[in-house]
Amino acid sequence: MPIRVKRRYIAVKIDSEATSSSKDFMKALWDSLIKLFGEYGASKTGATLIEYQDEEKTAIIRVFHKEVETVRAALATITKINDKPATAHVIKVSGTLRALKNKLKATKKRST
Amino acid sequence: MRRFADLHLRPDLGDMEQAQRMIAKAAELGYKVIAIPLSISQLDKYKDQLQVLCRERGVDFVSRVDIKPRTSSELTRILRKIRRKVEVVGVICDSKAIARQAAKDRRVDLLNFPADARKRFFDEAEAELASRALASLEIDISPLITLEGPPRIRLLSTLRREVATATDYGVAIVVSSGANEEMLMRRPLEVAALTMLFDMDRAQALDAISKTPMSIVERNREKLSPNFVAPGIRIIKRGNDCP
């Protein structure tokens, strides 16, 4: 029986005055992962961009569930995206994309 | 539910707007308790002002003084002067002599070392003294974010050794941001994730940003209360209330 790979979906809020593309964001994330954990460590995270919203400055990335903290640490060390000052904060983590979106909706509702 | 604390926010107090923005950001990131270190001369000027700013954002402000003495005798002299005025006392240990004196003085709450790995003197002897005197090791996260390459590698290696020594000797660890600008502030869980880089386990990391700093603040608030007599003894009734 093949082992089912468990994944986690991470919603990220990008805090920056400048606009950046999804490519710039993922480059910043990979750079940060490689600097902290090397290419071997970065390869184990399985980080993939699922969704990126330019206007809201949010992104959803998918990672292997055992590597959530690794990716969280890498996101925390981002200080620049496309050479412009920026930070990335994890807003929510969930096991499915649908649950993550529901959680985000609920948070948004609560804050308005 | 855990109450997260950041005992080392370092805004430029000459720019009160920046302090205000950093307090707002701390509240937004999920911190319930914050401390902004003041010098002795700034204490009267800024303490009340910062307290009001924090109250507006629903954050508990802790008064803290950071001492950077040149000699051991200067350290004891300053401690005598300020200990009964502030809730948290931190010592920036720039030399081995200061580090040793601070570690054995029961009036010191936090031992803070510069980011330069060569100026960090937290070894076994320091840990033994600190464990007897109840001083905690404070680790700032901001250098880990700003440094890159060999300096960060050296710092991580030193921090890993310090955490292992502190754990062996039962010295409490407090993890703070040490941020002097908003861009260096991180959510509590992000700070906990960064601590894994120097081998702190998750439970220990969460305690270092919530339980440990909170216990220091509560212990000192109790001591500063007018009802405090000695550890374990406090006045519960006065005057006519007494039978």
# chains A, B, ... in the order shown; residues from 1 in each chain; ligands from 1

$ interface_residues --of "chain B" --to "chain A" --cutoff "7 Å" --atoms "only C-alpha atoms" --output "PyMOL selection string"
chain B and resi 145+183+186+190+193-194

$ write_last_selection --atoms "all heavy atoms" --output "short mmCIF file (atom, residue, chain, number, x, y, z; two decimals), in the first residue's frame"
data_model
loop_
_atom_site.label_atom_id
_atom_site.label_comp_id
_atom_site.auth_asym_id
_atom_site.auth_seq_id
_atom_site.Cartn_x
_atom_site.Cartn_y
_atom_site.Cartn_z
N ILE B 145 17.12 37.45 11.89
CA ILE B 145 16.43 37.89 10.67
C ILE B 145 17.34 38.79 9.84
O ILE B 145 17.37 38.70 8.62
CB ILE B 145 15.12 38.62 11.05
CG1 ILE B 145 14.20 37.66 11.82
CG2 ILE B 145 14.41 39.16 9.82
CD1 ILE B 145 13.00 38.32 12.47
N MET B 183 9.24 46.10 10.72
CA MET B 183 9.55 45.03 9.77
C MET B 183 10.26 43.84 10.44
O MET B 183 10.36 42.77 9.85
CB MET B 183 10.44 45.56 8.64
CG MET B 183 9.76 46.56 7.75
SD MET B 183 8.27 45.89 6.98
CE MET B 183 8.86 45.52 5.37
N ARG B 186 7.60 39.74 14.48
CA ARG B 186 7.03 38.50 13.97
C ARG B 186 5.95 37.99 14.91
O ARG B 186 5.95 38.30 16.10
CB ARG B 186 8.11 37.42 13.83
CG ARG B 186 9.21 37.75 12.82
CD ARG B 186 8.68 37.75 11.40
NE ARG B 186 9.70 38.03 10.40
CZ ARG B 186 10.00 39.24 9.93
NH1 ARG B 186 9.35 40.30 10.40
NH2 ARG B 186 10.91 39.40 8.99
N GLU B 190 5.68 32.35 14.77
CA GLU B 190 6.83 32.47 13.88
C GLU B 190 8.12 32.54 14.70
O GLU B 190 9.14 31.96 14.31
CB GLU B 190 6.67 33.71 12.99
CG GLU B 190 5.59 33.51 11.95
CD GLU B 190 5.07 34.81 11.34
OE1 GLU B 190 5.51 35.90 11.73
OE2 GLU B 190 4.19 34.72 10.47
N ALA B 193 8.85 29.12 15.71
CA ALA B 193 9.42 28.34 14.60
C ALA B 193 10.90 28.67 14.41
O ALA B 193 11.71 27.79 14.12
CB ALA B 193 8.65 28.62 13.32
N LEU B 194 11.25 29.95 14.62
CA LEU B 194 12.66 30.34 14.45
C LEU B 194 13.55 29.73 15.53
O LEU B 194 14.74 29.47 15.29
CB LEU B 194 12.79 31.87 14.47
CG LEU B 194 12.37 32.58 13.19
CD1 LEU B 194 12.29 34.09 13.41
CD2 LEU B 194 13.33 32.29 12.06
#

$ atom_distance --atom1 "atom CA of Leu111 of chain B" --atom2 "atom CA of Ala135 of chain B"
6.8 Å

$ residues_around --residues "Gly149 of chain B" --least-positions-apart "6" --cutoff "12 Å" --atoms "only C-alpha atoms" --output "PyMOL selection string"
(chain A and resi 32+34-36+38) or (chain B and resi 143+155-156)

$ write_last_selection --atoms "N, CA and C atoms" --output "compact mmCIF listing (two decimals), in the first residue's frame"
# COMPACT_ATOMS: atom_id res chain seq x y z
N SER A 32 15.04 32.06 0.96
CA SER A 32 15.08 31.98 2.42
C SER A 32 15.22 30.52 2.89
N ILE A 34 16.52 28.03 1.19
CA ILE A 34 17.86 27.52 0.83
C ILE A 34 18.92 28.08 1.77
N LYS A 35 18.78 29.38 2.13
CA LYS A 35 19.77 29.98 3.04
C LYS A 35 19.75 29.29 4.41
N LEU A 36 18.54 29.00 4.91
CA LEU A 36 18.43 28.42 6.25
C LEU A 36 18.67 26.92 6.29
N GLY A 38 19.45 24.81 3.35
CA GLY A 38 20.19 24.23 2.23
C GLY A 38 19.24 23.65 1.19
N PRO B 143 18.38 39.60 15.35
CA PRO B 143 19.64 39.36 14.64
C PRO B 143 19.57 38.17 13.69
N LEU B 155 26.20 32.77 15.00
CA LEU B 155 25.22 33.09 16.05
C LEU B 155 24.34 31.87 16.36
N LEU B 156 23.90 31.18 15.32
CA LEU B 156 23.06 29.99 15.54
C LEU B 156 23.81 28.92 16.33

$ residues_around --residues "segment 97-107 of chain A" --least-positions-apart "2" --cutoff "9 Å" --atoms "only C-alpha atoms" --output "number ranges by chain"
A: 8-11, 60, 62, 91-95, 109-112

$ write_last_selection --atoms "N, CA and C atoms" --output "CSV table (one decimal), in the first residue's frame"
chain,number,residue,atom,x,y,z
A,8,ARG,N,-0.2,20.3,4.1
A,8,ARG,CA,-0.8,21.4,4.8
A,8,ARG,C,-0.9,22.6,3.9
A,9,TYR,N,-2.0,23.3,4.0
A,9,TYR,CA,-2.1,24.6,3.2
A,9,TYR,C,-1.8,25.8,4.2
A,10,ILE,N,-1.0,26.6,3.8
A,10,ILE,CA,-0.6,27.8,4.6
A,10,ILE,C,-1.1,29.1,3.9
A,11,ALA,N,-1.9,29.9,4.6
A,11,ALA,CA,-2.2,31.2,4.1
A,11,ALA,C,-1.2,32.2,4.6
A,60,ILE,N,-1.4,31.4,-0.9
A,60,ILE,CA,-1.6,30.1,-0.2
A,60,ILE,C,-0.6,29.2,-0.8
A,62,ARG,N,1.2,25.2,-0.5
A,62,ARG,CA,1.1,23.8,0.0
A,62,ARG,C,2.4,23.3,0.4
A,91,ILE,N,-1.0,33.4,8.3
A,91,ILE,CA,-2.3,33.7,9.0
A,91,ILE,C,-3.0,32.5,9.5
A,92,LYS,N,-3.0,31.5,8.7
A,92,LYS,CA,-3.7,30.2,9.0
A,92,LYS,C,-3.0,29.0,8.4
A,93,VAL,N,-3.2,27.9,9.0
A,93,VAL,CA,-2.7,26.6,8.5
A,93,VAL,C,-3.8,25.6,8.5
A,94,SER,N,-4.0,24.9,7.5
A,94,SER,CA,-5.1,23.9,7.5
A,94,SER,C,-4.7,22.7,6.6
A,95,GLY,N,-5.5,21.6,6.9
A,95,GLY,CA,-5.2,20.3,6.2
A,95,GLY,C,-5.8,20.3,4.8
A,109,LYS,N,-14.8,37.8,8.5
A,109,LYS,CA,-16.2,38.1,9.0
A,109,LYS,C,-16.0,38.7,10.4
A,110,ARG,N,-15.2,38.0,11.2
A,110,ARG,CA,-15.1,38.4,12.6
A,110,ARG,C,-14.5,39.8,12.7
A,111,SER,N,-13.5,40.1,11.8
A,111,SER,CA,-12.8,41.4,11.9
A,111,SER,C,-13.6,42.5,11.3
A,112,THR,N,-14.6,42.3,10.5
A,112,THR,CA,-15.4,43.4,9.9
A,112,THR,C,-16.7,43.7,10.8

$ residues_around --residues "segment 73-87 of chain B" --least-positions-apart "3" --cutoff "9 Å" --atoms "only C-alpha atoms" --output "ChimeraX atom specification"
/B:40,43,62-65,67-70,91,98,101-102,105,107-108,216-221,223-224

$ select_by_dssp --residues "chain A" --states "strand (DSSP E)" --output "VMD selection string"
chain A and resid 7 to 16 48 to 53 58 to 64 80 to 81 84 to 94

$ select_by_dssp --residues "segment 73-175 of chain B" --states "helix (DSSP H, G or I)" --output "NGL selection string"
:B and (73-82 or 96-104 or 117-119 or 124-133 or 142-146 or 150-169)

$ write_last_selection --atoms "C-alpha atoms" --output "PDB file, in the first residue's frame"
ATOM      1  CA  SER B  73      30.128  48.133  41.063  1.00  0.00           C
ATOM      2  CA  GLU B  74      28.234  50.402  38.686  1.00  0.00           C
ATOM      3  CA  LEU B  75      25.788  47.555  38.097  1.00  0.00           C
ATOM      4  CA  THR B  76      25.080  47.044  41.808  1.00  0.00           C
ATOM      5  CA  ARG B  77      24.761  50.803  42.349  1.00  0.00           C
ATOM      6  CA  ILE B  78      22.189  51.151  39.543  1.00  0.00           C
ATOM      7  CA  LEU B  79      20.283  48.073  40.717  1.00  0.00           C
ATOM      8  CA  ARG B  80      19.989  49.522  44.219  1.00  0.00           C
ATOM      9  CA  LYS B  81      18.525  52.672  42.708  1.00  0.00           C
ATOM     10  CA  ILE B  82      15.976  51.232  40.283  1.00  0.00           C
ATOM     11  CA  LYS B  96      32.545  38.627  31.247  1.00  0.00           C
ATOM     12  CA  ALA B  97      32.847  40.464  34.571  1.00  0.00           C
ATOM     13  CA  ILE B  98      29.479  42.174  34.077  1.00  0.00           C
ATOM     14  CA  ALA B  99      27.904  38.911  32.942  1.00  0.00           C
ATOM     15  CA  ARG B 100      29.099  37.087  36.073  1.00  0.00           C
ATOM     16  CA  GLN B 101      27.984  39.854  38.438  1.00  0.00           C
ATOM     17  CA  ALA B 102      24.569  40.096  36.725  1.00  0.00           C
ATOM     18  CA  ALA B 103      24.073  36.332  36.834  1.00  0.00           C
ATOM     19  CA  LYS B 104      24.611  36.114  40.581  1.00  0.00           C
ATOM     20  CA  ALA B 117      29.023  35.580  18.956  1.00  0.00           C
ATOM     21  CA  ARG B 118      32.411  36.581  20.458  1.00  0.00           C
ATOM     22  CA  LYS B 119      30.675  38.748  23.061  1.00  0.00           C
ATOM     23  CA  GLU B 124      28.508  26.682  32.344  1.00  0.00           C
ATOM     24  CA  ALA B 125      29.794  28.984  35.115  1.00  0.00           C
ATOM     25  CA  GLU B 126      27.376  31.716  34.074  1.00  0.00           C
ATOM     26  CA  ALA B 127      24.494  29.218  33.905  1.00  0.00           C
ATOM     27  CA  GLU B 128      25.230  27.883  37.382  1.00  0.00           C
ATOM     28  CA  LEU B 129      25.201  31.388  38.863  1.00  0.00           C
ATOM     29  CA  ALA B 130      22.044  32.316  36.957  1.00  0.00           C
ATOM     30  CA  SER B 131      20.190  29.181  38.043  1.00  0.00           C
ATOM     31  CA  ARG B 132      20.855  30.008  41.724  1.00  0.00           C
ATOM     32  CA  ALA B 133      19.796  33.634  41.351  1.00  0.00           C
ATOM     33  CA  SER B 142      15.916  40.082  15.283  1.00  0.00           C
ATOM     34  CA  PRO B 143      19.639  39.363  14.641  1.00  0.00           C
ATOM     35  CA  LEU B 144      18.609  36.016  13.158  1.00  0.00           C
ATOM     36  CA  ILE B 145      16.433  37.887  10.673  1.00  0.00           C
ATOM     37  CA  THR B 146      18.886  40.642   9.790  1.00  0.00           C
ATOM     38  CA  PRO B 150      28.755  33.300   8.331  1.00  0.00           C
ATOM     39  CA  PRO B 151      27.672  35.765  11.091  1.00  0.00           C
ATOM     40  CA  ARG B 152      24.251  34.079  11.281  1.00  0.00           C
ATOM     41  CA  ILE B 153      25.854  30.621  11.200  1.00  0.00           C
ATOM     42  CA  ARG B 154      28.140  31.615  14.116  1.00  0.00           C
ATOM     43  CA  LEU B 155      25.216  33.087  16.049  1.00  0.00           C
ATOM     44  CA  LEU B 156      23.060  29.986  15.541  1.00  0.00           C
ATOM     45  CA  SER B 157      25.880  27.754  16.678  1.00  0.00           C
ATOM     46  CA  THR B 158      26.425  29.883  19.823  1.00  0.00           C
ATOM     47  CA  LEU B 159      22.698  29.991  20.574  1.00  0.00           C
ATOM     48  CA  ARG B 160      22.440  26.214  20.219  1.00  0.00           C
ATOM     49  CA  ARG B 161      25.223  25.795  22.795  1.00  0.00           C
ATOM     50  CA  GLU B 162      23.680  28.380  25.133  1.00  0.00           C
ATOM     51  CA  VAL B 163      20.227  26.771  24.989  1.00  0.00           C
ATOM     52  CA  ALA B 164      21.724  23.356  25.768  1.00  0.00           C
ATOM     53  CA  THR B 165      23.692  24.810  28.719  1.00  0.00           C
ATOM     54  CA  ALA B 166      20.669  26.722  30.047  1.00  0.00           C
ATOM     55  CA  THR B 167      18.520  23.591  29.807  1.00  0.00           C
ATOM     56  CA  ASP B 168      21.142  21.488  31.604  1.00  0.00           C
ATOM     57  CA  TYR B 169      21.402  23.965  34.490  1.00  0.00           C
TER      58      TYR B 169
END
